[in-house]
Amino acid sequence: MKCFFLLKKSIPLFFTLLLFSCADRKDLVYYQNIDTLSNQEKSNSYEIKIQQDDLLMIVVSAEDPETAIPFNLRAVGSVNPKQPDMLLSQQSLQLYLVDSNGNIDFPILGKLKVSGLTRTDVLKIFQDKISKYIEKPIINLRIVNFKFSVQGEVTSPGTYPVTSERITLIEALTMAKDLTIYGKRNNILIIREIDGVKSYNRVDITKADFINSPFYYLAQNDVVYVEPNKNKINGAAIGTNTGVIISITSILITLITLIITTTK
C-alpha cells in the first residue's frame with residue numbers, strides 16, 4: 001500500500017512536468033500581428049553612422065589619374081605609383097582608423113571629423129573639399145571592419161563580419177542559424193555603443209511592429225543576446241539529476257506494471 005501511495009503521488013508530478021515543458025505558439029512564432037500593419041508603410045531608411053575605431057577605406061580617383069595620386073596613400077616600395085594600374089592595386093591599403101576624437105588624418109586635407117556622420121555626409125564633405133583640387137572627383141568610402149556579435153540561445157553564436165553597411169536583426173539571427181527552441185523571442189537584448197556611450201534595448205520579434213523600430217537595423221559592433229526561456233532555465237536546474245529522474249521514471253513504470261498485473 002505504501003508503494004501504491006507513493007506511486008499515486010508521483011504520477012501527477014510526472015505528468016505535470018511533461019505539461020510544463022509544452023511550448024505555446026505565441027512564444028515561438030515571429031511577426032504574429034503582421035496582418036495589422038499597413039502594406040503601404042515606407043521602408044525604414046537607415047544609414048549607419050561612423051564611430052570611433054571604425055576602419056575606413058577611402059579611395060579617390062579622377063578622369064586624370066595623376067591628379068588623384070596626392071589624395072591616396074602610397075604603397076611602400078612602389079616602383080612607379082603614378083601608374084593607374086599601380087594605383088588600383090593600392091586600393092586595399094587606403095585604410096584610415098577613426099581615432100578616439102572621431103578624426104581621420106587625410107592626405108592634403110589634414111584632420112577631418114567623421115564620427116557621428118553618415119557615409120553620405122562624409123562623402124559630401126570629401127566631394128566639396130577635393131573638388132577644389134580635382135575636377136569631378138570620384139570618392140569610394142567603405143567601413144571595412146563592420147561586425148556584430150550574437151550570444152545566447154542561437155544555434156551558432158559568434159562574431160560575424162558584414163560585407164555591406166546595412167544588416168537587419170533578422171538577417172543577423174539568420175547568420176547565427178536562428179534561435180533555438182529555448183530562445184526567448186519576445187525579449188532580445190541589443191547592446192549598442194556610440195561614441196563611448198552604451199545603450200541597452202529590448203526587441204520583441206514575435207510582434208511585427210519591431211520592423212519599424214530603431215533596432216531593426218544593426219549598427220557596427222552591436223551585441224545581440226538571446227535570453228533562455230523558463231523551460232531552459234528549469235531544465236538546467238534538473239539537468240544534473242537527469243540520471244536520477246530516468247531511474248525514478250523506470251521504477252514508476254515497473255511499479256505500474258506490477259500493480260496492474262497483481263490487481264488482475
# chains A, B, ... in the order shown; residues from 1 in each chain; ligands from 1
>>> residues_around(residues="region 106-116 of chain A", least_positions_apart="5", cutoff="6 Å", atoms="only C-alpha atoms", output="PyMOL selection string")
chain A and resi 49-51+71
>>> write_last_selection(atoms="N, CA and C atoms", output="PDB file, in the first residue's frame")
ATOM      1  N   LYS A  49      26.058  55.336 -38.779  1.00  0.00           N
ATOM      2  CA  LYS A  49      26.936  56.465 -38.534  1.00  0.00           C
ATOM      3  C   LYS A  49      28.341  55.963 -38.201  1.00  0.00           C
ATOM      4  N   ILE A  50      29.306  56.663 -38.694  1.00  0.00           N
ATOM      5  CA  ILE A  50      30.703  56.288 -38.453  1.00  0.00           C
ATOM      6  C   ILE A  50      31.044  56.542 -36.983  1.00  0.00           C
ATOM      7  N   GLN A  51      31.803  55.609 -36.403  1.00  0.00           N
ATOM      8  CA  GLN A  51      32.137  55.678 -34.989  1.00  0.00           C
ATOM      9  C   GLN A  51      33.656  55.629 -34.775  1.00  0.00           C
ATOM     10  N   PHE A  71      45.967  62.377 -53.099  1.00  0.00           N
ATOM     11  CA  PHE A  71      44.892  62.124 -52.135  1.00  0.00           C
ATOM     12  C   PHE A  71      44.780  60.654 -51.738  1.00  0.00           C
TER      13      PHE A  71
END
>>> select_by_dssp(residues="region 110-195 of chain A", states="strand (DSSP E or B)", output="PyMOL selection string")
chain A and resi 110-113+118+138-143+147-152+154+158-161+168+179+183+188-194
>>> write_last_selection(atoms="N, CA and C atoms", output="CSV table (one decimal), in the first residue's frame")
chain,number,residue,atom,x,y,z
A,110,GLY,N,44.3,67.1,-44.3
A,110,GLY,CA,44.6,67.1,-42.9
A,110,GLY,C,43.5,66.4,-42.0
A,111,LYS,N,43.3,66.8,-40.8
A,111,LYS,CA,42.4,66.1,-39.9
A,111,LYS,C,41.0,66.5,-40.2
A,112,LEU,N,40.1,65.4,-40.3
A,112,LEU,CA,38.7,65.6,-40.6
A,112,LEU,C,37.9,64.9,-39.6
A,113,LYS,N,36.9,65.6,-39.0
A,113,LYS,CA,35.9,65.0,-38.1
A,113,LYS,C,34.9,64.2,-38.8
A,118,THR,N,27.0,60.1,-41.2
A,118,THR,CA,26.7,59.0,-42.1
A,118,THR,C,27.7,59.0,-43.2
A,138,ILE,N,36.0,61.3,-57.9
A,138,ILE,CA,35.2,60.1,-57.5
A,138,ILE,C,35.7,59.6,-56.2
A,139,ILE,N,34.9,59.5,-55.2
A,139,ILE,CA,35.3,59.1,-53.9
A,139,ILE,C,34.6,57.8,-53.5
A,140,ASN,N,35.4,56.8,-53.2
A,140,ASN,CA,34.8,55.5,-52.8
A,140,ASN,C,35.1,55.3,-51.3
A,141,LEU,N,34.1,55.1,-50.4
A,141,LEU,CA,34.3,55.0,-49.0
A,141,LEU,C,33.5,53.8,-48.5
A,142,ARG,N,34.2,53.0,-47.7
A,142,ARG,CA,33.6,51.8,-47.0
A,142,ARG,C,34.1,51.6,-45.6
A,143,ILE,N,33.3,51.1,-44.8
A,143,ILE,CA,33.7,50.7,-43.4
A,143,ILE,C,34.1,49.2,-43.6
A,147,LYS,N,31.1,44.7,-38.0
A,147,LYS,CA,30.9,43.3,-37.5
A,147,LYS,C,29.8,43.4,-36.4
A,148,PHE,N,29.2,42.3,-36.0
A,148,PHE,CA,28.3,42.2,-34.9
A,148,PHE,C,28.5,40.9,-34.2
A,149,SER,N,28.0,40.8,-33.0
A,149,SER,CA,28.1,39.5,-32.2
A,149,SER,C,26.8,39.0,-31.8
A,150,VAL,N,26.6,37.7,-31.8
A,150,VAL,CA,25.3,37.1,-31.3
A,150,VAL,C,25.7,36.1,-30.2
A,151,GLN,N,25.0,36.2,-29.1
A,151,GLN,CA,25.2,35.3,-27.9
A,151,GLN,C,23.9,34.7,-27.5
A,152,GLY,N,24.0,33.7,-26.6
A,152,GLY,CA,22.8,33.1,-26.0
A,152,GLY,C,22.2,32.0,-26.8
A,154,VAL,N,21.1,30.8,-29.6
A,154,VAL,CA,21.1,30.7,-31.0
A,154,VAL,C,21.9,29.4,-31.4
A,158,GLY,N,28.5,33.7,-32.1
A,158,GLY,CA,29.8,34.1,-32.5
A,158,GLY,C,29.8,35.6,-33.0
A,159,THR,N,30.9,36.0,-33.5
A,159,THR,CA,31.1,37.3,-34.1
A,159,THR,C,31.1,37.2,-35.6
A,160,TYR,N,30.3,38.0,-36.3
A,160,TYR,CA,30.2,37.9,-37.8
A,160,TYR,C,30.6,39.2,-38.4
A,161,PRO,N,31.5,39.1,-39.4
A,161,PRO,CA,31.8,40.3,-40.2
A,161,PRO,C,30.7,40.6,-41.3
A,168,THR,N,19.9,43.8,-41.1
A,168,THR,CA,18.8,43.8,-40.1
A,168,THR,C,19.0,42.8,-39.0
A,179,LEU,N,17.2,31.2,-33.8
A,179,LEU,CA,17.2,30.9,-32.3
A,179,LEU,C,16.9,29.4,-32.1
A,183,GLY,N,15.1,29.8,-27.1
A,183,GLY,CA,15.4,31.2,-27.1
A,183,GLY,C,14.1,32.0,-26.8
A,188,ILE,N,14.6,40.1,-26.8
A,188,ILE,CA,16.0,40.0,-27.3
A,188,ILE,C,16.7,41.3,-27.0
A,189,LEU,N,17.9,41.2,-26.4
A,189,LEU,CA,18.7,42.3,-25.9
A,189,LEU,C,19.7,42.8,-27.0
A,190,ILE,N,19.7,44.1,-27.3
A,190,ILE,CA,20.7,44.6,-28.2
A,190,ILE,C,21.5,45.7,-27.4
A,191,ILE,N,22.8,45.4,-27.4
A,191,ILE,CA,23.7,46.3,-26.7
A,191,ILE,C,24.5,47.1,-27.8
A,192,ARG,N,24.4,48.4,-27.7
A,192,ARG,CA,25.0,49.3,-28.7
A,192,ARG,C,25.8,50.4,-28.1
A,193,GLU,N,27.0,50.6,-28.7
A,193,GLU,CA,27.8,51.7,-28.2
A,193,GLU,C,28.1,52.7,-29.3
A,194,ILE,N,27.8,53.9,-29.0
A,194,ILE,CA,28.1,55.0,-30.0
A,194,ILE,C,28.9,56.1,-29.3
>>> atom_distance(atom1="CA of Ser45 (chain A)", atom2="CA of Val59 (chain A)")
25.7 Å
>>> atom_distance(atom1="CA of Thr249 (chain A)", atom2="CA of Asn234 (chain A)")
18.3 Å
>>> select_by_dssp(residues="region 156-237 of chain A", states="alpha helix (DSSP H)", output="PyMOL selection string")
chain A and resi 169-175+230-237
